[in-house]
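A.B. asks: One structure, pasted below without further comment.
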Amino acid sequence: MTLARPARDLPRTGELTPSQFAALLSAESSGATKRSVKSEHGQFFTPLPIANFMARMFSQRPSWNLLDPGAGAGVLSCATIEHSVSSGDARGGCVTAYEPDPRILPSLERSLSYAARWAADRGVPIEYRIIDADFVTESCETLWTFDMERRQFDRAICNPPYFKLGANDPRGVLLANVGPWPPNMYALFMMLIAQTLSPDGEMVTITPRSFASGSYFSAFRKWFFKRVVPTDIHLFESRSSVFEENAVLQESLILKCKPVESVREEQCVRLSASQSTHDLDGSDTRRLQRTDVLVARHGDVQLALPVTEGDDSITHVFGTWPGSLEKYGWQVSTGPIVPFRVADQLVEGLGDPRPNTYPLLWMQSVRRMEIVWPWQDLRKPQFVSGDSRQSRAWLVPDQNMVLLRRFSPKEDPRRVTAAPLLQGQLGSDLIGLENHVNYIYGRRDPITDAECVGLAAFLNSHLVDRYIRISNGNTQISARELRTMPFPPRELLREVGTSILRQESYDADAVVADALKVAAS
């Protein structure tokens with residue numbers, strides 16, 4: 001552990017603000033670190049505009065005790081010091097900064113020393129201590145009880161590392177008896193930070209949005225939102241611009257939370273959104289009821305983010321639909337063929353296949369409202385063998401189905417890509433579906449031609465895309481989410497499909513909007 005001490009070679013305190021100086025040191029550290037190392041450690045430094053935006057989210061208080069558990073070069077701590085001192089009513093503060101990377105520690109020491117001197121020049125004493133250790137490893141064994149002595153921080157700010165925790169990661173193993181297994185390191189940071197907050201504390205984090213919904217983070221959400229609740233959220237809708245220097249593609253959000261005991265039940269959540277850092281300060285803010293943001297669904301809790309009044313309308317429309325795949329007698333499953341496991345059964349070539357071979361559809365075969373097979377440019381086998389009882393078990397019967405890509409490219413403008421596959425279309429009684437394809441089919445009731453086309457058009461629509469974006473920052477919609485998603489009445493899906501089947505060319509969004517009586521844009 002390193003305590004406060006003067007750092008050499010600091011600029012005069014009138015030349016740069018603390019956050020500006022820390023940002024310069026951060027840029028130097030980032031430039032000296034290979035991208036492969038950053039990715040391995042999930043280490044992406046916070047841009048200055050975001051650091052200042054996050055610091056301004058804290059409530060004003062005369063004195064404070066700040067935790068920065070992944071400090072880097074100190075830009076978040078320095079921005080918080082700067083904002084507090086500039087408010088005019090600060091009397092002092094203390095910073096506890098964790099940073100395990102010895103390459104960055106000198107920069108962190110310089111930035112905090114400069115910030116302390118800058119604050120002292122303005123009559124505000126700032127103390128800091130730098131702990132040259134991993135926050136998670138140091139904290140897991142000591143911070144898991146709500147011991148009042150350990151709930152010492154009334155402020156915490158963090159841009160945690162982002163990477164998956166392996167099944168045998170010792171940092172996750174330490175939590176086995178006290179909390180859910182965190183799917184990602186950033187979730188583990190959020191859990192530990194929540195445990196360190198004083199009863200009136202505040203935590204501000206910037207993380208991927210991936211925890212907001214889906215089964216992968218379900219246990220984490222239940223645990224986390226039992227202990228803290230959101231008061232402010234800012235969503236970055238661009239996947240590429242927040243950490244564009246490091247070519248990080250993901251939707252990010254800034255989340256401010258408080259312990260449950262300090263927040264009134266009726267308190268609203270402030271929600272704002274921007275495309276990137278360039279329009280960050282000009283973003284509009286909405287006030288929403290907490291129950292409209294923390295939404296309970298099917299025993300789960302999800303973080304919904306309706307950033308516009310149009311999103312409210314879409315959420316309302318979906319809420320009025322009583323339909324579901326199960327109610328209609330339909331099922332969604334994942335393609336059973338995992339190529340590397342059945343490599344000897346895959347058949348190359350595009351010519352006449354040998355006997356007992358069947359069409360194999362990959363994710364790339366599914367385009368919006370169109371199945372492309374065989375695909376001349378696809379350098380993958382186009383057929384799968386079914387010459388044994390075991391191999392035929394991998395195939396699905398030919399019937400009306402809607403196929404969906406399980407993943408969408410991060411730059412794709414829509415979350416869902418779906419296409420109808422009508423019975424007989426491929427001229428085969430059995431079809432192979434690769435594991436990156438989901439398919440909806442009739443389990444109790446068959447799907448008619450019109451329903452198949454209408455369902456595919458509905459899933460491809462702007463309406464569904466926006467609904468998913470409200471609650472999902474991922475690049476996929478899972479089979480589980482499809483099962484729980486509300487669907488319009490079956491007769492309306494038939495109406496959409498019938499209209500499309502009668503036209504040579506059509507605007508699917510317009511047809512869906514007309515049938516469902518909702519706006520197309």
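Residue numbering restarts at 1 in every chain; chains get A, B, ... in the order shown in the structure tokens, and ligands count up from 1 in that same order.
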List the spatial neighbours of Ser333 (chain A) as a PDB file with all heavy atoms, in the first residue's frame - criterion: any atom at most 12 Å away, only C-alpha atoms, same-chain residues fewer than 3 positions off excluded.
C.D. replies:
```pdb
ATOM      1  N   LEU A 325     -45.847 -17.548 -27.785  1.00  0.00           N
ATOM      2  CA  LEU A 325     -45.612 -18.741 -28.588  1.00  0.00           C
ATOM      3  C   LEU A 325     -46.288 -19.953 -27.957  1.00  0.00           C
ATOM      4  O   LEU A 325     -46.903 -20.775 -28.653  1.00  0.00           O
ATOM      5  CB  LEU A 325     -44.103 -18.977 -28.729  1.00  0.00           C
ATOM      6  CG  LEU A 325     -43.308 -17.912 -29.491  1.00  0.00           C
ATOM      7  CD1 LEU A 325     -41.826 -18.294 -29.521  1.00  0.00           C
ATOM      8  CD2 LEU A 325     -43.833 -17.729 -30.913  1.00  0.00           C
ATOM      9  N   TRP A 330     -46.921 -23.032 -30.312  1.00  0.00           N
ATOM     10  CA  TRP A 330     -45.675 -22.996 -31.071  1.00  0.00           C
ATOM     11  C   TRP A 330     -44.489 -23.125 -30.117  1.00  0.00           C
ATOM     12  O   TRP A 330     -44.574 -22.808 -28.938  1.00  0.00           O
ATOM     13  CB  TRP A 330     -45.559 -21.696 -31.874  1.00  0.00           C
ATOM     14  CG  TRP A 330     -46.684 -21.495 -32.856  1.00  0.00           C
ATOM     15  CD1 TRP A 330     -47.527 -22.454 -33.345  1.00  0.00           C
ATOM     16  CD2 TRP A 330     -47.095 -20.263 -33.444  1.00  0.00           C
ATOM     17  NE1 TRP A 330     -48.439 -21.903 -34.220  1.00  0.00           N
ATOM     18  CE2 TRP A 330     -48.200 -20.548 -34.307  1.00  0.00           C
ATOM     19  CE3 TRP A 330     -46.662 -18.943 -33.360  1.00  0.00           C
ATOM     20  CZ2 TRP A 330     -48.855 -19.579 -35.046  1.00  0.00           C
ATOM     21  CZ3 TRP A 330     -47.299 -17.957 -34.095  1.00  0.00           C
ATOM     22  CH2 TRP A 330     -48.385 -18.273 -34.936  1.00  0.00           C
ATOM     23  N   PRO A 336     -29.975 -28.169 -33.841  1.00  0.00           N
ATOM     24  CA  PRO A 336     -29.257 -29.221 -33.096  1.00  0.00           C
ATOM     25  C   PRO A 336     -27.881 -29.575 -33.638  1.00  0.00           C
ATOM     26  O   PRO A 336     -27.153 -30.321 -32.972  1.00  0.00           O
ATOM     27  CB  PRO A 336     -30.206 -30.420 -33.225  1.00  0.00           C
ATOM     28  CG  PRO A 336     -30.952 -30.188 -34.489  1.00  0.00           C
ATOM     29  CD  PRO A 336     -31.075 -28.701 -34.651  1.00  0.00           C
ATOM     30  N   ILE A 337     -27.482 -29.068 -34.782  1.00  0.00           N
ATOM     31  CA  ILE A 337     -26.220 -29.504 -35.384  1.00  0.00           C
ATOM     32  C   ILE A 337     -25.071 -28.601 -34.940  1.00  0.00           C
ATOM     33  O   ILE A 337     -25.066 -27.394 -35.237  1.00  0.00           O
ATOM     34  CB  ILE A 337     -26.323 -29.537 -36.913  1.00  0.00           C
ATOM     35  CG1 ILE A 337     -27.311 -30.621 -37.337  1.00  0.00           C
ATOM     36  CG2 ILE A 337     -24.951 -29.788 -37.547  1.00  0.00           C
ATOM     37  CD1 ILE A 337     -27.505 -30.736 -38.825  1.00  0.00           C
ATOM     38  N   VAL A 396     -34.431 -32.005 -38.525  1.00  0.00           N
ATOM     39  CA  VAL A 396     -35.785 -31.617 -38.129  1.00  0.00           C
ATOM     40  C   VAL A 396     -36.721 -31.860 -39.303  1.00  0.00           C
ATOM     41  O   VAL A 396     -36.336 -31.715 -40.474  1.00  0.00           O
ATOM     42  CB  VAL A 396     -35.840 -30.141 -37.677  1.00  0.00           C
ATOM     43  CG1 VAL A 396     -34.925 -29.915 -36.489  1.00  0.00           C
ATOM     44  CG2 VAL A 396     -35.472 -29.198 -38.804  1.00  0.00           C
ATOM     45  N   MET A 401     -41.721 -23.103 -40.776  1.00  0.00           N
ATOM     46  CA  MET A 401     -40.898 -22.646 -39.654  1.00  0.00           C
ATOM     47  C   MET A 401     -40.459 -21.204 -39.897  1.00  0.00           C
ATOM     48  O   MET A 401     -40.371 -20.761 -41.045  1.00  0.00           O
ATOM     49  CB  MET A 401     -39.644 -23.516 -39.501  1.00  0.00           C
ATOM     50  CG  MET A 401     -39.878 -24.955 -39.130  1.00  0.00           C
ATOM     51  SD  MET A 401     -38.307 -25.875 -38.933  1.00  0.00           S
ATOM     52  CE  MET A 401     -37.843 -26.121 -40.643  1.00  0.00           C
ATOM     53  N   VAL A 402     -40.168 -20.512 -38.838  1.00  0.00           N
ATOM     54  CA  VAL A 402     -39.491 -19.218 -38.916  1.00  0.00           C
ATOM     55  C   VAL A 402     -38.095 -19.420 -38.355  1.00  0.00           C
ATOM     56  O   VAL A 402     -37.932 -19.868 -37.211  1.00  0.00           O
ATOM     57  CB  VAL A 402     -40.233 -18.120 -38.131  1.00  0.00           C
ATOM     58  CG1 VAL A 402     -39.418 -16.828 -38.117  1.00  0.00           C
ATOM     59  CG2 VAL A 402     -41.609 -17.860 -38.736  1.00  0.00           C
ATOM     60  N   LEU A 403     -37.082 -19.114 -39.156  1.00  0.00           N
ATOM     61  CA  LEU A 403     -35.699 -19.246 -38.728  1.00  0.00           C
ATOM     62  C   LEU A 403     -35.158 -17.888 -38.313  1.00  0.00           C
ATOM     63  O   LEU A 403     -35.445 -16.874 -38.942  1.00  0.00           O
ATOM     64  CB  LEU A 403     -34.840 -19.826 -39.848  1.00  0.00           C
ATOM     65  CG  LEU A 403     -35.302 -21.133 -40.489  1.00  0.00           C
ATOM     66  CD1 LEU A 403     -34.229 -21.661 -41.446  1.00  0.00           C
ATOM     67  CD2 LEU A 403     -35.650 -22.182 -39.449  1.00  0.00           C
ATOM     68  N   LEU A 404     -34.362 -17.856 -37.254  1.00  0.00           N
ATOM     69  CA  LEU A 404     -33.767 -16.622 -36.748  1.00  0.00           C
ATOM     70  C   LEU A 404     -32.287 -16.831 -36.511  1.00  0.00           C
ATOM     71  O   LEU A 404     -31.868 -17.873 -35.993  1.00  0.00           O
ATOM     72  CB  LEU A 404     -34.406 -16.177 -35.420  1.00  0.00           C
ATOM     73  CG  LEU A 404     -35.902 -15.954 -35.354  1.00  0.00           C
ATOM     74  CD1 LEU A 404     -36.601 -17.218 -34.868  1.00  0.00           C
ATOM     75  CD2 LEU A 404     -36.228 -14.791 -34.415  1.00  0.00           C
ATOM     76  N   ARG A 405     -31.500 -15.831 -36.868  1.00  0.00           N
ATOM     77  CA  ARG A 405     -30.100 -15.840 -36.460  1.00  0.00           C
ATOM     78  C   ARG A 405     -30.021 -15.659 -34.948  1.00  0.00           C
ATOM     79  O   ARG A 405     -30.669 -14.771 -34.392  1.00  0.00           O
ATOM     80  CB  ARG A 405     -29.338 -14.698 -37.128  1.00  0.00           C
ATOM     81  CG  ARG A 405     -29.199 -14.828 -38.632  1.00  0.00           C
ATOM     82  CD  ARG A 405     -28.288 -13.740 -39.161  1.00  0.00           C
ATOM     83  NE  ARG A 405     -28.059 -13.865 -40.601  1.00  0.00           N
ATOM     84  CZ  ARG A 405     -27.096 -13.249 -41.247  1.00  0.00           C
ATOM     85  NH1 ARG A 405     -26.263 -12.446 -40.589  1.00  0.00           N
ATOM     86  NH2 ARG A 405     -26.945 -13.416 -42.543  1.00  0.00           N
ATOM     87  N   ARG A 406     -29.218 -16.504 -34.308  1.00  0.00           N
ATOM     88  CA  ARG A 406     -29.053 -16.354 -32.863  1.00  0.00           C
ATOM     89  C   ARG A 406     -28.236 -15.123 -32.514  1.00  0.00           C
ATOM     90  O   ARG A 406     -28.352 -14.592 -31.410  1.00  0.00           O
ATOM     91  CB  ARG A 406     -28.382 -17.597 -32.277  1.00  0.00           C
ATOM     92  CG  ARG A 406     -29.307 -18.782 -32.114  1.00  0.00           C
ATOM     93  CD  ARG A 406     -28.590 -19.949 -31.474  1.00  0.00           C
ATOM     94  NE  ARG A 406     -28.024 -19.586 -30.184  1.00  0.00           N
ATOM     95  CZ  ARG A 406     -27.080 -20.281 -29.573  1.00  0.00           C
ATOM     96  NH1 ARG A 406     -26.575 -21.360 -30.149  1.00  0.00           N
ATOM     97  NH2 ARG A 406     -26.617 -19.896 -28.397  1.00  0.00           N
ATOM     98  N   LEU A 433     -30.274 -27.927 -39.303  1.00  0.00           N
ATOM     99  CA  LEU A 433     -30.168 -26.546 -38.820  1.00  0.00           C
ATOM    100  C   LEU A 433     -28.970 -26.454 -37.886  1.00  0.00           C
ATOM    101  O   LEU A 433     -28.890 -27.151 -36.869  1.00  0.00           O
ATOM    102  CB  LEU A 433     -31.452 -26.123 -38.086  1.00  0.00           C
ATOM    103  CG  LEU A 433     -32.730 -26.099 -38.926  1.00  0.00           C
ATOM    104  CD1 LEU A 433     -33.926 -25.763 -38.054  1.00  0.00           C
ATOM    105  CD2 LEU A 433     -32.609 -25.088 -40.069  1.00  0.00           C
ATOM    106  N   GLU A 434     -28.047 -25.578 -38.234  1.00  0.00           N
ATOM    107  CA  GLU A 434     -26.824 -25.384 -37.467  1.00  0.00           C
ATOM    108  C   GLU A 434     -27.135 -24.668 -36.155  1.00  0.00           C
ATOM    109  O   GLU A 434     -28.161 -23.992 -36.017  1.00  0.00           O
ATOM    110  CB  GLU A 434     -25.824 -24.597 -38.322  1.00  0.00           C
ATOM    111  CG  GLU A 434     -24.423 -24.516 -37.756  1.00  0.00           C
ATOM    112  CD  GLU A 434     -24.171 -23.213 -37.012  1.00  0.00           C
ATOM    113  OE1 GLU A 434     -24.888 -22.236 -37.293  1.00  0.00           O
ATOM    114  OE2 GLU A 434     -23.273 -23.202 -36.162  1.00  0.00           O
ATOM    115  N   ASN A 435     -26.252 -24.824 -35.183  1.00  0.00           N
ATOM    116  CA  ASN A 435     -26.516 -24.408 -33.810  1.00  0.00           C
ATOM    117  C   ASN A 435     -26.648 -22.902 -33.622  1.00  0.00           C
ATOM    118  O   ASN A 435     -27.091 -22.462 -32.564  1.00  0.00           O
ATOM    119  CB  ASN A 435     -25.404 -24.961 -32.900  1.00  0.00           C
ATOM    120  CG  ASN A 435     -25.759 -24.897 -31.436  1.00  0.00           C
ATOM    121  OD1 ASN A 435     -25.133 -24.175 -30.672  1.00  0.00           O
ATOM    122  ND2 ASN A 435     -26.773 -25.648 -31.026  1.00  0.00           N
ATOM    123  N   HIS A 436     -26.260 -22.108 -34.599  1.00  0.00           N
ATOM    124  CA  HIS A 436     -26.420 -20.656 -34.478  1.00  0.00           C
ATOM    125  C   HIS A 436     -27.729 -20.167 -35.090  1.00  0.00           C
ATOM    126  O   HIS A 436     -27.893 -18.976 -35.354  1.00  0.00           O
ATOM    127  CB  HIS A 436     -25.235 -19.936 -35.121  1.00  0.00           C
ATOM    128  CG  HIS A 436     -23.974 -20.061 -34.330  1.00  0.00           C
ATOM    129  ND1 HIS A 436     -23.048 -21.051 -34.578  1.00  0.00           N
ATOM    130  CD2 HIS A 436     -23.492 -19.360 -33.273  1.00  0.00           C
ATOM    131  CE1 HIS A 436     -22.044 -20.928 -33.716  1.00  0.00           C
ATOM    132  NE2 HIS A 436     -22.295 -19.925 -32.909  1.00  0.00           N
ATOM    133  N   VAL A 437     -28.657 -21.099 -35.315  1.00  0.00           N
ATOM    134  CA  VAL A 437     -29.986 -20.772 -35.833  1.00  0.00           C
ATOM    135  C   VAL A 437     -31.030 -21.207 -34.809  1.00  0.00           C
ATOM    136  O   VAL A 437     -31.002 -22.347 -34.323  1.00  0.00           O
ATOM    137  CB  VAL A 437     -30.254 -21.493 -37.173  1.00  0.00           C
ATOM    138  CG1 VAL A 437     -31.681 -21.236 -37.652  1.00  0.00           C
ATOM    139  CG2 VAL A 437     -29.249 -21.045 -38.229  1.00  0.00           C
ATOM    140  N   ASN A 438     -31.945 -20.299 -34.459  1.00  0.00           N
ATOM    141  CA  ASN A 438     -33.138 -20.671 -33.707  1.00  0.00           C
ATOM    142  C   ASN A 438     -34.283 -20.865 -34.689  1.00  0.00           C
ATOM    143  O   ASN A 438     -34.316 -20.224 -35.748  1.00  0.00           O
ATOM    144  CB  ASN A 438     -33.520 -19.583 -32.696  1.00  0.00           C
ATOM    145  CG  ASN A 438     -32.634 -19.606 -31.459  1.00  0.00           C
ATOM    146  OD1 ASN A 438     -32.107 -20.656 -31.076  1.00  0.00           O
ATOM    147  ND2 ASN A 438     -32.462 -18.456 -30.819  1.00  0.00           N
ATOM    148  N   TYR A 439     -35.225 -21.720 -34.345  1.00  0.00           N
ATOM    149  CA  TYR A 439     -36.361 -21.924 -35.244  1.00  0.00           C
ATOM    150  C   TYR A 439     -37.651 -22.060 -34.443  1.00  0.00           C
ATOM    151  O   TYR A 439     -37.690 -22.669 -33.377  1.00  0.00           O
ATOM    152  CB  TYR A 439     -36.143 -23.133 -36.154  1.00  0.00           C
ATOM    153  CG  TYR A 439     -36.020 -24.476 -35.476  1.00  0.00           C
ATOM    154  CD1 TYR A 439     -37.041 -25.428 -35.527  1.00  0.00           C
ATOM    155  CD2 TYR A 439     -34.850 -24.829 -34.791  1.00  0.00           C
ATOM    156  CE1 TYR A 439     -36.917 -26.669 -34.925  1.00  0.00           C
ATOM    157  CE2 TYR A 439     -34.713 -26.073 -34.188  1.00  0.00           C
ATOM    158  CZ  TYR A 439     -35.745 -26.993 -34.248  1.00  0.00           C
ATOM    159  OH  TYR A 439     -35.629 -28.218 -33.645  1.00  0.00           O
ATOM    160  N   ILE A 440     -38.697 -21.430 -34.958  1.00  0.00           N
ATOM    161  CA  ILE A 440     -40.037 -21.488 -34.367  1.00  0.00           C
ATOM    162  C   ILE A 440     -40.881 -22.406 -35.237  1.00  0.00           C
ATOM    163  O   ILE A 440     -40.939 -22.238 -36.457  1.00  0.00           O
ATOM    164  CB  ILE A 440     -40.662 -20.082 -34.291  1.00  0.00           C
ATOM    165  CG1 ILE A 440     -39.801 -19.154 -33.410  1.00  0.00           C
ATOM    166  CG2 ILE A 440     -42.081 -20.158 -33.735  1.00  0.00           C
ATOM    167  CD1 ILE A 440     -40.251 -17.701 -33.430  1.00  0.00           C
ATOM    168  N   TYR A 441     -41.554 -23.352 -34.624  1.00  0.00           N
ATOM    169  CA  TYR A 441     -42.326 -24.344 -35.374  1.00  0.00           C
ATOM    170  C   TYR A 441     -43.578 -24.702 -34.584  1.00  0.00           C
ATOM    171  O   TYR A 441     -43.707 -24.377 -33.391  1.00  0.00           O
ATOM    172  CB  TYR A 441     -41.484 -25.604 -35.615  1.00  0.00           C
ATOM    173  CG  TYR A 441     -40.997 -26.273 -34.351  1.00  0.00           C
ATOM    174  CD1 TYR A 441     -41.668 -27.376 -33.815  1.00  0.00           C
ATOM    175  CD2 TYR A 441     -39.868 -25.797 -33.681  1.00  0.00           C
ATOM    176  CE1 TYR A 441     -41.232 -27.982 -32.652  1.00  0.00           C
ATOM    177  CE2 TYR A 441     -39.423 -26.400 -32.516  1.00  0.00           C
ATOM    178  CZ  TYR A 441     -40.104 -27.488 -32.005  1.00  0.00           C
ATOM    179  OH  TYR A 441     -39.677 -28.085 -30.844  1.00  0.00           O
ATOM    180  N   GLY A 442     -44.508 -25.365 -35.247  1.00  0.00           N
ATOM    181  CA  GLY A 442     -45.733 -25.780 -34.588  1.00  0.00           C
ATOM    182  C   GLY A 442     -45.509 -27.011 -33.741  1.00  0.00           C
ATOM    183  O   GLY A 442     -45.113 -28.054 -34.261  1.00  0.00           O
ATOM    184  N   ARG A 443     -45.751 -26.880 -32.459  1.00  0.00           N
ATOM    185  CA  ARG A 443     -45.598 -28.040 -31.572  1.00  0.00           C
ATOM    186  C   ARG A 443     -46.954 -28.727 -31.398  1.00  0.00           C
ATOM    187  O   ARG A 443     -47.101 -29.904 -31.702  1.00  0.00           O
ATOM    188  CB  ARG A 443     -45.061 -27.609 -30.210  1.00  0.00           C
ATOM    189  CG  ARG A 443     -44.758 -28.780 -29.268  1.00  0.00           C
ATOM    190  CD  ARG A 443     -44.306 -28.279 -27.910  1.00  0.00           C
ATOM    191  NE  ARG A 443     -45.337 -27.467 -27.262  1.00  0.00           N
ATOM    192  CZ  ARG A 443     -45.164 -26.853 -26.095  1.00  0.00           C
ATOM    193  NH1 ARG A 443     -43.987 -26.921 -25.487  1.00  0.00           N
ATOM    194  NH2 ARG A 443     -46.141 -26.146 -25.570  1.00  0.00           N
ATOM    195  N   SER A 478     -32.484 -14.419 -27.227  1.00  0.00           N
ATOM    196  CA  SER A 478     -32.385 -15.846 -26.916  1.00  0.00           C
ATOM    197  C   SER A 478     -33.728 -16.528 -27.082  1.00  0.00           C
ATOM    198  O   SER A 478     -34.792 -15.891 -27.131  1.00  0.00           O
ATOM    199  CB  SER A 478     -31.888 -16.030 -25.483  1.00  0.00           C
ATOM    200  OG  SER A 478     -32.868 -15.592 -24.561  1.00  0.00           O
ATOM    201  N   ALA A 479     -33.676 -17.856 -27.138  1.00  0.00           N
ATOM    202  CA  ALA A 479     -34.911 -18.637 -27.202  1.00  0.00           C
ATOM    203  C   ALA A 479     -35.766 -18.365 -25.962  1.00  0.00           C
ATOM    204  O   ALA A 479     -36.998 -18.278 -26.052  1.00  0.00           O
ATOM    205  CB  ALA A 479     -34.591 -20.124 -27.314  1.00  0.00           C
ATOM    206  N   ARG A 480     -35.149 -18.210 -24.812  1.00  0.00           N
ATOM    207  CA  ARG A 480     -35.892 -17.931 -23.577  1.00  0.00           C
ATOM    208  C   ARG A 480     -36.628 -16.604 -23.682  1.00  0.00           C
ATOM    209  O   ARG A 480     -37.783 -16.488 -23.264  1.00  0.00           O
ATOM    210  CB  ARG A 480     -34.939 -17.916 -22.384  1.00  0.00           C
ATOM    211  CG  ARG A 480     -35.612 -17.689 -21.035  1.00  0.00           C
ATOM    212  CD  ARG A 480     -34.592 -17.820 -19.914  1.00  0.00           C
ATOM    213  NE  ARG A 480     -35.211 -17.704 -18.610  1.00  0.00           N
ATOM    214  CZ  ARG A 480     -35.318 -16.562 -17.933  1.00  0.00           C
ATOM    215  NH1 ARG A 480     -34.854 -15.447 -18.455  1.00  0.00           N
ATOM    216  NH2 ARG A 480     -35.882 -16.544 -16.744  1.00  0.00           N
ATOM    217  N   GLU A 481     -35.981 -15.592 -24.228  1.00  0.00           N
ATOM    218  CA  GLU A 481     -36.637 -14.292 -24.371  1.00  0.00           C
ATOM    219  C   GLU A 481     -37.782 -14.352 -25.371  1.00  0.00           C
ATOM    220  O   GLU A 481     -38.806 -13.693 -25.195  1.00  0.00           O
ATOM    221  CB  GLU A 481     -35.598 -13.245 -24.781  1.00  0.00           C
ATOM    222  CG  GLU A 481     -34.645 -12.891 -23.662  1.00  0.00           C
ATOM    223  CD  GLU A 481     -33.452 -12.074 -24.146  1.00  0.00           C
ATOM    224  OE1 GLU A 481     -32.755 -12.527 -25.075  1.00  0.00           O
ATOM    225  OE2 GLU A 481     -33.216 -10.997 -23.590  1.00  0.00           O
ATOM    226  N   LEU A 482     -37.629 -15.146 -26.422  1.00  0.00           N
ATOM    227  CA  LEU A 482     -38.726 -15.320 -27.375  1.00  0.00           C
ATOM    228  C   LEU A 482     -39.914 -16.003 -26.708  1.00  0.00           C
ATOM    229  O   LEU A 482     -41.068 -15.671 -26.993  1.00  0.00           O
ATOM    230  CB  LEU A 482     -38.255 -16.136 -28.578  1.00  0.00           C
ATOM    231  CG  LEU A 482     -37.325 -15.409 -29.558  1.00  0.00           C
ATOM    232  CD1 LEU A 482     -36.694 -16.411 -30.521  1.00  0.00           C
ATOM    233  CD2 LEU A 482     -38.088 -14.340 -30.337  1.00  0.00           C
ATOM    234  N   ARG A 483     -39.634 -16.947 -25.822  1.00  0.00           N
ATOM    235  CA  ARG A 483     -40.726 -17.646 -25.149  1.00  0.00           C
ATOM    236  C   ARG A 483     -41.522 -16.714 -24.235  1.00  0.00           C
ATOM    237  O   ARG A 483     -42.729 -16.897 -24.049  1.00  0.00           O
ATOM    238  CB  ARG A 483     -40.188 -18.822 -24.329  1.00  0.00           C
ATOM    239  CG  ARG A 483     -39.597 -19.950 -25.166  1.00  0.00           C
ATOM    240  CD  ARG A 483     -39.220 -21.150 -24.313  1.00  0.00           C
ATOM    241  NE  ARG A 483     -38.437 -22.100 -25.093  1.00  0.00           N
ATOM    242  CZ  ARG A 483     -37.128 -22.267 -24.969  1.00  0.00           C
ATOM    243  NH1 ARG A 483     -36.456 -21.556 -24.057  1.00  0.00           N
ATOM    244  NH2 ARG A 483     -36.479 -23.125 -25.724  1.00  0.00           N
TER     245      ARG A 483
END
```
A.B. asks: Extract, using only C-alpha atoms, all DNA, RNA and protein residues at most 7 Å from region 216-224 of chain A, discarding same-chain residues fewer than 2 positions from it, and format them as a PyMOL selection string.
C.D. replies: chain A and resi 180+182-183+191+211+213-214+226-228+300-301
A.B. asks: Which distance in Å separates CA of Gln345 (chain A) and CA of Arg389 (chain A), to one decimal?
C.D. replies: 12.6 Å
A.B. asks: Hey, can you check how far CA of Ala156 (chain A) sits from CA of Met185 (chain A)?
C.D. replies: 16.9 Å
A.B. asks: Would you please extract all alpha helix (DSSP H) residues from region 47-114 of chain A, as assigned by DSSP on the backbone, and give them as a ChimeraX atom specification?
C.D. replies: /A:48-55,75-86,105-114
A.B. asks: Can you pull out every residue within 8 Å of region 270-285 of chain A, counting only C-alpha atoms, but drop anything in the same chain fewer than 5 positions away, and send it as a list in words?
C.D. replies: Pro49, Ile50, Phe53, Thr231, Asp232, Ile233, His234, Leu235, Phe236, Glu237, Ser238, Ser241, Val242, Leu305 and Val307 of chain A
A.B. asks: Using only C-alpha atoms, which protein or nucleic acid residues come within 10 Å of region 75-78 of chain A? Drop anything in the same chain fewer than 2 positions from it, and give the result as a ChimeraX atom specification.
C.D. replies: /A:17-26,45-48,50-55,66-68,70-73,80-84,95-97,108,111-116,128,156-159
A.B. asks: Choose the residue, out of A:Ser388, A:Ile500, A:Asp514, A:Arg209, that has the smallest atom-to-atom separation from Ser471 (chain A); count only C-alpha atoms.
C.D. replies: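 Answer, going by the shortest atom-to-atom distance: A:Arg209.
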A.B. asks: If you count only C-alpha atoms, which residues fall within 12 Å of Asp311 (chain A), apart from same-chain ones fewer than 2 positions away, as a compact mmCIF listing (two decimals) with C-alpha atoms, in the first residue's frame?
C.D. replies:
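As a result, around.txt now contains:
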```
# COMPACT_ATOMS: atom_id res chain seq x y z
CA ARG A 286 -36.61 11.70 -18.42
CA ASP A 292 -40.98 1.14 -15.24
CA ALA A 304 -35.73 -1.58 -19.04
CA LEU A 305 -34.56 1.66 -20.67
CA PRO A 306 -37.37 3.44 -22.54
CA VAL A 307 -35.39 6.51 -23.56
CA THR A 308 -38.18 8.22 -25.54
CA GLU A 309 -41.94 8.67 -25.28
CA SER A 313 -45.87 3.63 -26.44
CA ILE A 314 -44.16 0.48 -27.70
CA THR A 315 -43.89 -0.93 -24.18
CA HIS A 316 -47.58 -0.18 -23.65
CA VAL A 317 -48.60 -1.87 -26.92
CA PHE A 318 -46.65 -5.03 -26.09
CA HIS A 462 -38.79 -1.88 -36.25
CA LEU A 463 -41.42 -2.43 -33.56
CA VAL A 464 -39.76 -5.61 -32.25
CA ASP A 465 -36.28 -4.18 -32.70
CA ARG A 466 -37.13 -1.17 -30.53
CA TYR A 467 -38.87 -3.33 -27.92
CA ILE A 468 -35.76 -5.50 -27.60
CA ARG A 469 -33.47 -2.48 -27.38
CA ILE A 470 -35.51 -1.08 -24.49
CA SER A 471 -34.61 -4.10 -22.35
CA VAL A 518 -49.00 1.23 -34.40
CA ALA A 519 -46.57 3.79 -35.82
CA SER A 521 -41.17 4.68 -37.16
```
A.B. asks: Which one of A:Phe189, A:Phe407, A:Trp321, A:Trp375 sits closest to Pro160 (chain A) if you count only C-alpha atoms?
C.D. replies: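 Smallest separation from Pro160 (chain A) among the options: A:Phe189.
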A.B. asks: Kindly indicate which residue among A:Ala27, A:Val372, A:Val366, A:Ala450 lies nearest to Ser408 (chain A), using only C-alpha atoms for the distances.
C.D. replies: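 So, comparing all the options, the nearest one is A:Val366.
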